[in-house]
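Next up, entry_32.txt (compact mmCIF, C-alpha atoms):
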```
# COMPACT_ATOMS: atom_id res chain seq x y z
CA MET A 1 -62.77 -79.30 34.08
CA THR A 2 -60.29 -78.59 31.36
CA ASP A 3 -57.58 -75.96 31.44
CA THR A 4 -59.52 -73.78 29.07
CA ASP A 5 -62.41 -73.75 31.49
CA LYS A 6 -60.24 -72.49 34.36
CA PRO A 7 -60.48 -68.82 35.08
CA GLN A 8 -57.46 -66.98 33.65
CA PRO A 9 -55.74 -64.26 35.66
CA GLU A 10 -56.57 -60.79 34.52
CA HIS A 11 -53.78 -58.93 32.68
CA PRO A 12 -52.80 -55.77 34.47
CA ASP A 13 -53.43 -53.67 31.34
CA ALA A 14 -56.77 -55.30 30.63
CA GLY A 15 -59.57 -52.88 29.97
CA LYS A 16 -57.24 -50.02 29.02
CA ASP A 17 -57.41 -48.41 25.61
CA THR A 18 -53.97 -49.27 24.25
CA ALA A 19 -54.71 -47.83 20.83
CA THR A 20 -55.04 -44.27 22.07
CA GLU A 21 -52.60 -44.32 24.97
CA THR A 22 -49.04 -43.01 24.31
CA PRO A 23 -46.11 -43.45 26.60
CA GLU A 24 -45.31 -40.49 28.77
CA THR A 25 -42.21 -38.51 27.75
CA PRO A 26 -40.16 -36.56 30.21
CA GLU A 27 -40.73 -32.85 30.02
CA THR A 28 -37.80 -30.85 28.58
CA PRO A 29 -36.83 -27.78 30.50
CA GLU A 30 -37.63 -24.53 28.76
CA ALA A 31 -34.67 -22.60 27.32
CA PRO A 32 -33.85 -19.55 29.33
CA GLU A 33 -34.81 -16.28 27.75
CA VAL A 34 -31.93 -14.45 26.10
CA ASP A 35 -31.64 -10.78 26.77
CA PRO A 36 -31.28 -8.93 23.43
CA HIS A 37 -29.02 -6.44 25.17
CA ASP A 38 -26.60 -9.24 26.09
CA VAL A 39 -26.59 -10.45 22.48
CA ARG A 40 -25.72 -6.99 21.18
CA THR A 41 -23.03 -6.59 23.83
CA GLU A 42 -21.40 -9.90 22.93
CA ARG A 43 -21.57 -9.04 19.25
CA SER A 44 -19.93 -5.68 19.90
CA ARG A 45 -17.19 -7.35 21.92
CA SER A 46 -16.61 -9.80 19.08
CA VAL A 47 -16.25 -6.95 16.60
CA LEU A 48 -13.85 -5.13 18.90
CA ARG A 49 -11.76 -8.29 19.33
CA GLU A 50 -11.68 -8.67 15.54
CA ILE A 51 -10.47 -5.10 15.11
CA ALA A 52 -7.93 -5.31 17.93
CA SER A 53 -6.41 -8.50 16.57
CA GLY A 54 -6.48 -7.43 12.92
CA ASP A 55 -3.63 -6.21 10.76
CA ALA A 56 -5.14 -2.78 10.08
CA LEU A 57 -4.93 -1.62 13.69
CA ALA A 58 -1.36 -2.90 13.99
CA GLY A 59 -0.44 -0.83 10.93
CA VAL A 60 -2.04 2.31 12.37
CA LEU A 61 -0.25 1.81 15.68
CA ALA A 62 3.05 1.27 13.83
CA VAL A 63 2.59 4.70 12.24
CA PHE A 64 1.77 6.16 15.66
CA LEU A 65 4.92 4.69 17.19
CA ALA A 66 7.04 6.00 14.30
CA VAL A 67 5.59 9.50 14.72
CA PHE A 68 6.22 9.29 18.47
CA VAL A 69 9.87 8.36 17.97
CA GLY A 70 10.13 11.14 15.39
CA SER A 71 8.81 13.55 18.01
CA VAL A 72 11.52 12.44 20.41
CA MET A 73 14.13 13.12 17.72
CA ILE A 74 12.66 16.56 17.01
CA ALA A 75 12.83 17.41 20.70
CA ALA A 76 16.37 16.06 21.05
CA THR A 77 17.67 18.19 18.18
CA ASP A 78 15.88 21.41 19.16
CA ALA A 79 18.17 24.05 20.69
CA ASP A 80 15.52 25.52 23.02
CA VAL A 81 14.59 22.10 24.37
CA ARG A 82 18.22 21.28 25.12
CA GLU A 83 18.78 24.65 26.79
CA THR A 84 15.72 24.44 29.04
CA ALA A 85 16.57 20.85 29.92
CA SER A 86 19.72 22.07 31.66
CA TYR A 87 17.63 23.75 34.37
CA ILE A 88 14.50 21.56 34.24
CA THR A 89 14.47 21.02 38.02
CA ALA A 90 14.40 24.76 38.69
CA ARG A 91 11.81 25.74 36.07
CA PRO A 92 10.20 22.65 34.53
CA SER A 93 7.51 24.77 32.84
CA ASP A 94 10.13 26.25 30.50
CA PHE A 95 11.21 22.78 29.40
CA PHE A 96 7.70 21.51 28.71
CA SER A 97 6.77 24.71 26.92
CA ALA A 98 9.82 24.44 24.65
CA LEU A 99 9.09 20.75 24.13
CA TRP A 100 5.52 21.48 23.06
CA ASP A 101 6.57 24.33 20.78
CA ALA A 102 9.17 22.16 19.03
CA ILE A 103 6.93 19.15 18.40
CA SER A 104 3.69 20.98 17.66
CA GLY A 105 5.48 23.49 15.45
CA ALA A 106 7.06 20.74 13.36
CA TYR A 107 3.88 18.77 12.79
CA THR A 108 1.77 21.90 12.30
CA ALA A 109 4.17 23.00 9.58
CA MET A 110 3.94 19.54 8.03
CA PHE A 111 0.14 19.78 8.05
CA ARG A 112 0.29 23.20 6.37
CA GLY A 113 2.51 21.78 3.67
CA ALA A 114 0.51 18.60 3.16
CA VAL A 115 -3.17 19.40 3.65
CA TYR A 116 -4.24 22.99 4.35
CA ASN A 117 -2.32 26.25 4.68
CA ASN A 118 -4.17 28.61 7.01
CA LEU A 119 -1.53 31.34 6.74
CA VAL A 120 -2.71 32.56 3.31
CA ASP A 121 -5.99 34.16 2.30
CA ASP A 122 -6.42 32.83 -1.23
CA PRO A 123 -8.63 29.69 -1.10
CA ALA A 124 -6.74 28.17 -4.01
CA GLN A 125 -3.43 28.60 -2.20
CA GLN A 126 -4.93 27.29 1.03
CA TRP A 127 -5.80 23.95 -0.59
CA ARG A 128 -2.78 23.80 -2.87
CA PRO A 129 -0.81 21.66 -0.34
CA LEU A 130 -3.44 18.94 -0.58
CA THR A 131 -3.08 18.78 -4.34
CA GLU A 132 0.70 18.51 -3.92
CA SER A 133 0.23 15.56 -1.57
CA LEU A 134 -2.03 13.87 -4.10
CA LYS A 135 0.53 14.51 -6.85
CA PHE A 136 3.27 12.83 -4.80
CA ALA A 137 0.90 10.02 -3.80
CA GLY A 138 0.07 8.98 -7.38
CA PRO A 139 3.31 7.17 -8.27
CA LEU A 140 3.60 5.80 -4.72
CA ILE A 141 0.19 4.19 -5.02
CA LEU A 142 1.02 2.73 -8.42
CA GLY A 143 4.36 1.42 -7.18
CA GLY A 144 2.73 -0.01 -4.05
CA LEU A 145 0.19 -1.86 -6.20
CA GLY A 146 3.02 -3.31 -8.28
CA VAL A 147 4.82 -4.60 -5.20
CA GLY A 148 1.63 -5.61 -3.39
CA ILE A 149 0.17 -7.77 -6.15
CA ALA A 150 3.46 -9.66 -6.31
CA PHE A 151 3.30 -10.12 -2.53
CA ARG A 152 -0.12 -11.75 -2.94
CA ALA A 153 1.56 -14.43 -5.07
CA ALA A 154 4.36 -14.80 -2.48
CA LEU A 155 6.83 -13.00 -4.76
CA PHE A 156 9.14 -10.30 -3.42
CA ASN A 157 9.39 -7.78 -6.25
CA ILE A 158 12.10 -5.32 -5.31
CA GLY A 159 12.93 -4.51 -8.92
CA GLY A 160 10.70 -1.44 -8.97
CA ARG A 161 13.56 0.88 -9.82
CA GLY A 162 14.59 -1.02 -12.93
CA GLN A 163 10.99 -1.43 -14.08
CA MET A 164 10.35 2.30 -13.64
CA LEU A 165 13.53 3.25 -15.52
CA ILE A 166 12.82 1.00 -18.47
CA ALA A 167 9.15 2.01 -18.68
CA GLY A 168 9.93 5.69 -18.24
CA GLY A 169 12.63 5.52 -20.91
CA ALA A 170 10.30 3.82 -23.39
CA ALA A 171 7.40 6.20 -22.71
CA GLY A 172 9.73 9.20 -22.82
CA TYR A 173 11.13 8.18 -26.18
CA ILE A 174 7.61 8.08 -27.62
CA GLY A 175 6.83 11.33 -25.81
CA PHE A 176 9.55 13.49 -27.37
CA LYS A 177 10.31 11.61 -30.60
CA LEU A 178 6.95 11.34 -32.33
CA ASP A 179 4.67 14.06 -33.67
CA LEU A 180 1.10 12.89 -33.14
CA PRO A 181 -2.18 14.40 -31.97
CA THR A 182 -2.80 14.26 -28.23
CA ILE A 183 -5.60 11.71 -28.50
CA ILE A 184 -3.09 9.25 -30.02
CA HIS A 185 0.24 10.44 -28.65
CA LEU A 186 -0.48 10.28 -24.90
CA PRO A 187 -2.24 6.87 -24.88
CA LEU A 188 0.49 5.43 -27.11
CA ALA A 189 3.25 6.65 -24.78
CA ILE A 190 1.42 5.20 -21.76
CA LEU A 191 0.82 1.83 -23.41
CA VAL A 192 4.40 1.52 -24.68
CA GLY A 193 5.77 2.37 -21.23
CA MET A 194 3.50 -0.14 -19.48
CA ALA A 195 4.44 -2.83 -21.99
CA ALA A 196 8.14 -2.15 -21.44
CA GLY A 197 7.73 -2.39 -17.66
CA ALA A 198 5.72 -5.59 -17.99
CA LEU A 199 8.33 -7.22 -20.22
CA TRP A 200 11.18 -6.19 -17.93
CA ALA A 201 9.50 -7.66 -14.86
CA GLY A 202 8.35 -10.65 -16.89
CA ILE A 203 12.00 -11.67 -17.33
CA ALA A 204 12.24 -12.26 -13.58
CA GLY A 205 8.91 -14.10 -13.54
CA LEU A 206 9.88 -16.34 -16.46
CA LEU A 207 13.25 -17.23 -14.94
CA LYS A 208 11.55 -17.94 -11.64
CA ALA A 209 9.07 -20.24 -13.35
CA ARG A 210 11.53 -22.07 -15.60
CA THR A 211 14.66 -22.32 -13.47
CA GLY A 212 13.46 -21.72 -9.92
CA ALA A 213 15.82 -18.76 -9.52
CA HIS A 214 14.94 -16.52 -6.59
CA GLU A 215 13.04 -13.41 -7.64
CA VAL A 216 14.88 -11.21 -5.12
CA ILE A 217 18.25 -11.87 -6.77
CA LEU A 218 16.75 -11.53 -10.22
CA THR A 219 15.04 -8.21 -9.59
CA ILE A 220 18.09 -6.73 -7.84
CA MET A 221 20.29 -7.60 -10.79
CA LEU A 222 17.71 -6.30 -13.24
CA ASN A 223 17.74 -2.98 -11.38
CA TYR A 224 21.41 -2.56 -12.25
CA VAL A 225 20.93 -3.79 -15.80
CA GLY A 226 18.05 -1.36 -16.33
CA TYR A 227 20.01 1.55 -14.87
CA TYR A 228 23.09 1.06 -17.03
CA LEU A 229 21.02 0.24 -20.10
CA LEU A 230 19.23 3.58 -19.77
CA PHE A 231 22.57 5.31 -19.10
CA TRP A 232 23.97 3.83 -22.30
CA ALA A 233 20.88 4.85 -24.26
CA LEU A 234 21.03 8.44 -22.98
CA THR A 235 24.55 8.76 -24.37
CA LYS A 236 23.52 7.83 -27.90
CA GLU A 237 22.40 10.25 -30.57
CA TRP A 238 19.36 8.19 -31.47
CA LEU A 239 17.86 9.04 -28.07
CA LEU A 240 18.75 12.71 -28.61
CA ALA A 241 20.27 13.10 -25.16
CA THR A 242 21.16 16.58 -23.99
CA PRO A 243 24.77 17.18 -25.14
CA GLY A 244 27.43 18.34 -22.72
CA SER A 245 25.45 17.54 -19.57
CA ALA A 246 27.03 15.83 -16.56
CA ASN A 247 23.68 14.20 -15.91
CA PRO A 248 22.45 12.62 -19.16
CA LYS A 249 18.89 13.64 -19.89
CA SER A 250 16.60 13.50 -22.87
CA PRO A 251 14.83 16.53 -24.35
CA PRO A 252 11.56 17.59 -22.70
CA MET A 253 8.32 15.90 -23.61
CA LYS A 254 6.11 17.35 -26.29
CA GLU A 255 2.88 18.91 -25.10
CA THR A 256 0.80 16.29 -26.88
CA ALA A 257 2.32 13.58 -24.63
CA ILE A 258 1.94 15.36 -21.29
CA LEU A 259 -0.50 14.20 -18.65
CA PRO A 260 -3.09 17.00 -18.45
CA LYS A 261 -3.69 18.88 -15.23
CA VAL A 262 -7.02 18.01 -13.67
CA LEU A 263 -7.60 21.23 -11.67
CA GLY A 264 -6.23 23.85 -14.02
CA ASP A 265 -2.87 25.52 -14.41
CA ARG A 266 -2.79 26.87 -10.84
CA PHE A 267 -2.23 23.36 -9.49
CA ASN A 268 0.32 20.70 -10.38
CA LEU A 269 -2.05 17.77 -9.86
CA HIS A 270 -2.33 15.92 -13.16
CA LEU A 271 -4.01 12.88 -14.65
CA GLY A 272 -1.47 10.54 -13.08
CA PHE A 273 -3.36 10.54 -9.78
CA VAL A 274 -6.59 9.65 -11.58
CA LEU A 275 -4.79 6.75 -13.27
CA ALA A 276 -3.64 5.61 -9.83
CA LEU A 277 -7.25 5.54 -8.59
CA VAL A 278 -8.29 3.57 -11.68
CA ALA A 279 -5.43 1.14 -11.05
CA VAL A 280 -6.59 0.64 -7.44
CA ALA A 281 -10.08 -0.28 -8.63
CA ALA A 282 -8.71 -2.55 -11.38
CA VAL A 283 -6.36 -4.43 -9.03
CA TRP A 284 -9.14 -4.83 -6.44
CA TRP A 285 -11.41 -6.35 -9.07
CA LEU A 286 -8.62 -8.55 -10.40
CA LEU A 287 -7.76 -9.99 -6.99
CA ASN A 288 -11.27 -10.39 -5.61
CA ARG A 289 -13.57 -10.93 -8.58
CA SER A 290 -11.59 -12.69 -11.31
CA THR A 291 -10.37 -16.22 -11.95
CA LEU A 292 -6.82 -14.99 -12.39
CA GLY A 293 -7.01 -13.29 -9.01
CA TYR A 294 -8.11 -16.55 -7.42
CA ARG A 295 -5.12 -18.32 -8.96
CA ILE A 296 -2.78 -15.58 -7.73
CA ARG A 297 -4.10 -15.85 -4.19
CA ALA A 298 -4.03 -19.64 -4.28
CA VAL A 299 -0.41 -19.70 -5.42
CA GLY A 300 0.48 -17.17 -2.75
CA GLU A 301 -1.14 -19.26 -0.02
CA ASN A 302 0.37 -22.59 -1.01
CA PRO A 303 1.99 -23.16 -4.41
CA HIS A 304 2.15 -26.95 -3.89
CA ALA A 305 -1.57 -27.20 -3.17
CA ALA A 306 -2.30 -24.87 -6.08
CA ARG A 307 -0.25 -27.07 -8.41
CA ALA A 308 -2.05 -30.17 -7.14
CA SER A 309 -5.41 -28.54 -7.89
CA GLY A 310 -4.43 -27.95 -11.52
CA ILE A 311 -3.12 -24.37 -11.42
CA ASN A 312 -0.09 -23.67 -13.59
CA VAL A 313 2.14 -22.10 -10.92
CA GLY A 314 4.95 -21.14 -13.30
CA LYS A 315 2.60 -19.35 -15.65
CA THR A 316 1.02 -17.55 -12.71
CA TYR A 317 4.44 -16.34 -11.56
CA THR A 318 5.17 -14.93 -15.00
CA VAL A 319 1.77 -13.26 -15.40
CA VAL A 320 1.74 -11.68 -11.96
CA MET A 321 5.24 -10.28 -12.43
CA MET A 322 4.20 -8.78 -15.76
CA ILE A 323 1.20 -7.14 -14.11
CA ALA A 324 3.44 -5.83 -11.33
CA GLY A 325 5.90 -4.47 -13.88
CA SER A 326 3.16 -2.69 -15.80
CA LEU A 327 1.95 -0.97 -12.61
CA LEU A 328 5.45 0.10 -11.60
CA GLY A 329 6.01 1.12 -15.19
CA LEU A 330 2.95 3.34 -14.94
CA ALA A 331 4.61 4.97 -11.92
CA GLY A 332 7.66 5.70 -14.07
CA ILE A 333 5.45 7.07 -16.82
CA ASN A 334 3.86 9.33 -14.22
CA GLN A 335 7.28 10.78 -13.45
CA VAL A 336 8.32 11.34 -17.06
CA LEU A 337 5.06 12.61 -18.55
CA GLY A 338 4.00 14.62 -15.52
CA THR A 339 5.25 18.01 -16.77
CA VAL A 340 6.29 19.46 -20.08
CA THR A 341 9.75 20.37 -18.71
CA SER A 342 10.58 16.87 -17.52
CA GLY A 343 12.52 14.38 -19.54
CA VAL A 344 14.05 10.94 -19.22
CA SER A 345 16.91 10.89 -16.70
CA LEU A 346 18.65 8.35 -14.52
CA ASP A 347 16.97 9.62 -11.36
CA LEU A 348 13.42 9.53 -12.67
CA ASP A 349 12.47 6.82 -10.17
CA ALA A 350 13.17 9.22 -7.23
CA SER A 351 13.49 6.21 -4.87
CA ILE A 352 9.83 5.40 -5.49
CA GLY A 353 10.76 1.84 -6.43
CA PHE A 354 11.92 1.22 -2.87
CA ASP A 355 9.34 3.43 -1.15
CA ALA A 356 6.72 1.30 -2.87
CA ILE A 357 7.81 -1.65 -0.73
CA THR A 358 6.99 0.35 2.40
CA VAL A 359 3.64 1.41 0.95
CA ALA A 360 2.76 -2.20 0.12
CA LEU A 361 3.79 -3.40 3.58
CA LEU A 362 1.79 -0.70 5.35
CA GLY A 363 -1.21 -1.37 3.11
CA ARG A 364 -0.94 -5.12 3.80
CA SER A 365 -0.86 -5.74 0.03
CA ARG A 366 -4.55 -4.82 -0.20
CA PRO A 367 -5.50 -2.25 -2.87
CA LEU A 368 -7.47 -0.02 -0.50
CA GLY A 369 -4.79 -0.27 2.15
CA ILE A 370 -2.14 0.65 -0.43
CA LEU A 371 -4.27 3.64 -1.44
CA ALA A 372 -4.37 4.87 2.18
CA ALA A 373 -0.65 4.23 2.68
CA GLY A 374 0.22 6.04 -0.54
CA LEU A 375 -1.81 9.07 0.52
CA LEU A 376 -0.03 9.10 3.89
CA PHE A 377 3.44 8.90 2.35
CA GLY A 378 2.53 11.52 -0.25
CA ALA A 379 1.48 13.85 2.56
CA LEU A 380 4.70 13.16 4.46
CA LYS A 381 6.76 14.00 1.40
CA ALA A 382 4.84 17.18 0.60
CA GLY A 383 4.78 18.35 4.22
CA GLY A 384 8.44 17.58 4.83
CA PHE A 385 9.60 20.47 2.64
CA THR A 386 7.43 22.98 4.50
CA MET A 387 8.61 21.62 7.83
CA GLN A 388 12.21 22.10 6.76
CA ALA A 389 11.62 25.62 5.46
CA SER A 390 9.62 26.98 8.40
CA GLU A 391 11.02 25.04 11.36
CA ASN A 392 14.57 24.35 10.12
CA ILE A 393 14.08 20.61 10.61
CA SER A 394 15.82 18.37 8.12
CA VAL A 395 13.58 16.76 5.55
CA ASP A 396 15.50 13.56 6.23
CA LEU A 397 13.35 13.21 9.34
CA VAL A 398 10.54 12.11 7.03
CA LEU A 399 12.76 9.30 5.77
CA VAL A 400 13.47 8.32 9.36
CA VAL A 401 9.75 8.15 10.12
CA GLN A 402 9.17 6.03 7.02
CA SER A 403 11.98 3.69 8.04
CA LEU A 404 10.58 3.39 11.55
CA ILE A 405 7.19 2.48 10.10
CA VAL A 406 8.82 -0.39 8.24
CA LEU A 407 10.67 -1.41 11.40
CA PHE A 408 7.49 -1.61 13.47
CA LEU A 409 5.58 -3.29 10.66
CA ALA A 410 8.27 -5.96 10.53
CA ALA A 411 7.78 -6.66 14.24
CA PRO A 412 4.00 -6.91 14.82
CA PRO A 413 4.46 -8.85 18.09
CA LEU A 414 6.35 -5.84 19.45
CA VAL A 415 3.50 -3.48 18.54
CA ARG A 416 0.93 -5.83 20.07
CA ALA A 417 3.00 -6.20 23.22
CA ILE A 418 3.39 -2.42 23.65
CA PHE A 419 -0.34 -1.77 23.32
CA ARG A 420 -1.42 -5.07 24.94
CA LEU A 421 -3.39 -6.20 21.88
CA PRO A 422 -4.59 -9.80 21.50
CA ASN A 423 -2.79 -12.03 19.07
CA LYS A 424 -4.48 -13.09 15.87
CA GLU A 425 -4.49 -16.69 17.04
CA ALA A 426 -6.44 -15.68 20.16
CA LYS A 427 -9.49 -14.49 18.29
```
Just give me the structure as structure tokens.
Amino acid sequence: MTDTDKPQPEHPDAGKDTATETPETPETPEAPEVDPHDVRTERSRSVLREIASGDALAGVLAVFLAVFVGSVMIAATDADVRETASYITARPSDFFSALWDAISGAYTAMFRGAVYNNLVDDPAQQWRPLTESLKFAGPLILGGLGVGIAFRAALFNIGGRGQMLIAGGAAGYIGFKLDLPTIIHLPLAILVGMAAGALWAGIAGLLKARTGAHEVILTIMLNYVGYYLLFWALTKEWLLATPGSANPKSPPMKETAILPKVLGDRFNLHLGFVLALVAVAAVWWLLNRSTLGYRIRAVGENPHAARASGINVGKTYTVVMMIAGSLLGLAGINQVLGTVTSGVSLDLDASIGFDAITVALLGRSRPLGILAAGLLFGALKAGGFTMQASENISVDLVLVVQSLIVLFLAAPPLVRAIFRLPNKEAK
């Protein structure tokens, strides 16, 4: 018998259909069902954490802290509060009543002067304070945009005063010197003033780009140069300065170069505030929707990386400073062409050039944030006069509150520590 004739052992898989059989796979456990309520709760918590760790809330809380410290100062300087404090242990109700009257009276008076006056019957006079706040807010918004757009390119433009003086002087010269119809005269004065402000700020941008000189030093020096240049011009006959005046001032603007009032002659609110709103929209579009805005933001984030990616950093510095100067120049134009009785003077900037830094800081250099900050500071300025008149509280308290806002904005860890907010890195 040969080996082939021997019976072969049967294979263990013999007789099975191997073509149709598939290896068994371990069963995967089913995913647990997710409660939609838990998903919404977690999403809400995420949004709250985003808000709590964001810059906007820190800015609001900085304003709150400044107002709180201002309240303490109001109470400390009030005669009734000091008198009742001497016998607070005997009659504490007198102290707290005087404390409430002092603080609430001050801020109520500020509200009446800034938003709505409920002590008069005429509806136009009731809402007149709001229009005054908007009038004061216009140049603050424009100045804040000028400082803020420079911040976005990592440039510290503190030359707002010089840019406003030069732009206001140029626009004012066109405003009282030429005889033109309104449709030509007013736009020409605005454009000339903006061009002058842009060129003045462009000097700092060009020197920064070509020589590497620090823009802070440049803009500070240009403030002085602009001031004394305007002072020299106001003493010359070709500018037709007012003769014999201790404070040199040009003649008033001609009616064809005056910014028209938007709500009629009963209110002082003029076209300058509308121009500020247009500027907010234009700067928002420039920063968020344009190629130039992308270059500005890229240079502000990291100029070395921007240069490596092909962006001309020096040119960007010059362009952004010119844009900033034109916006601050528009604030100066707002001051000069706001009323027919105004003219070019050395105090036309009214400290707006420096207040604009605070507005830009509070608005986090974002156009909408600057708009909100400008409205707040305009209301503080308008309400401060009413507070002083009705409650005998110095208007300088408003400046103290503004300074405290800057102080708290400069120390965000302090604000977060006081209110136990999460850090941005902990999001």
Top pick for closest residue to Leu380 in chain A, considering A:Ala306, A:Met73, A:Leu134, A:Val81 and counting only C-alpha atoms: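 Of the candidates, the smallest distance to Leu380 in chain A is held by A:Leu134.
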Have a look at A:Ala308, A:Leu292, A:Ile352, A:Ala167 and name the one nearest to Ile190 in chain A; count all atoms listed in the file.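 Using all atoms listed in the file, Ile190 in chain A sits closest to A:Ala167.
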Quick one: residues within 6 Å of range 149-154 of chain A, all atoms listed in the file, excluding same-chain residues fewer than 5 positions away - as an MDAnalysis selection string? chainID A and resid 296:297 299:300
Would you kindly return, as an MDAnalysis selection string, each protein, DNA or RNA residue with an atom no farther than 7 Å from any atom of Ala379 in chain A, considering all atoms listed in the file and excluding same-chain residues fewer than 3 positions away? chainID A and resid 114 133 375:376 382:383
Residues within 9 Å of (4.0, -15.4, -14.1), file coords, all atoms listed in the file, listed as number ranges by chain: A: 202, 204-206, 208-209, 313-323
When you count only C-alpha atoms, which of these residues is closest to Val336 in chain A: A:Asp349, A:Asp179, A:Glu132, A:Asp121? A:Asp349
Can you work out the spacing between CA of Ser342 in chain A and CA of Lys135 in chain A in Å, to one decimal? 14.8 Å
What is the CA of Phe96 in chain A-CA of Asn392 in chain A distance in Å, reported with one decimal?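 These atoms are spaced 20.0 Å apart.
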Given the choices A:Ala66, A:Leu130, A:Leu361, A:Met110, which gets closest to Ser390 in chain A if the distance is worked out from only C-alpha atoms?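 Of A:Ala66, A:Leu130, A:Leu361, A:Met110, the one nearest Ser390 in chain A is A:Met110, counting only C-alpha atoms.
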In Å, rounded to a single decimal, give me how far CA of Leu142 in chain A is from CA of Gly169 in chain A. 17.3 Å
Using all atoms listed in the file, determine which residues lie at most 12 Å from Gly384 in chain A, disregarding the query and same-chain residues fewer than 3 positions distant; provide the list as a PyMOL selection string. chain A and resi 106-115+129+132-133+136+377-381+387-402
Nearest residue to Gly197 in chain A from the set A:Pro422, A:Ser97, A:Trp284, A:Ala170 (distances using all atoms listed in the file):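 For Gly197 in chain A, the nearest of the candidates is A:Ala170.
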May I ask which of the residues A:Asn247, A:Ser71, A:Ser326, A:Gln126 is the closest one to Gly105 in chain A, counting all atoms listed in the file? A:Ser71
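Close contacts of Thr256 in chain A, defined as residues with an atom at most 8 Å away when counting all atoms listed in the file, with chain neighbours fewer than 2 positions off set aside, comprise A:Gly175, A:Leu180, A:Pro181, A:Thr182, A:His185, A:Leu186, A:Lys254, A:Ile258.
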Residue contacts of range 57-64 of chain A (10 Å, only C-alpha atoms) excluding same-chain residues fewer than 4 positions away, as a PyMOL selection string: chain A and resi 50-53+68-70+361-364+369+373+376+401-402+404-416+418-419+421
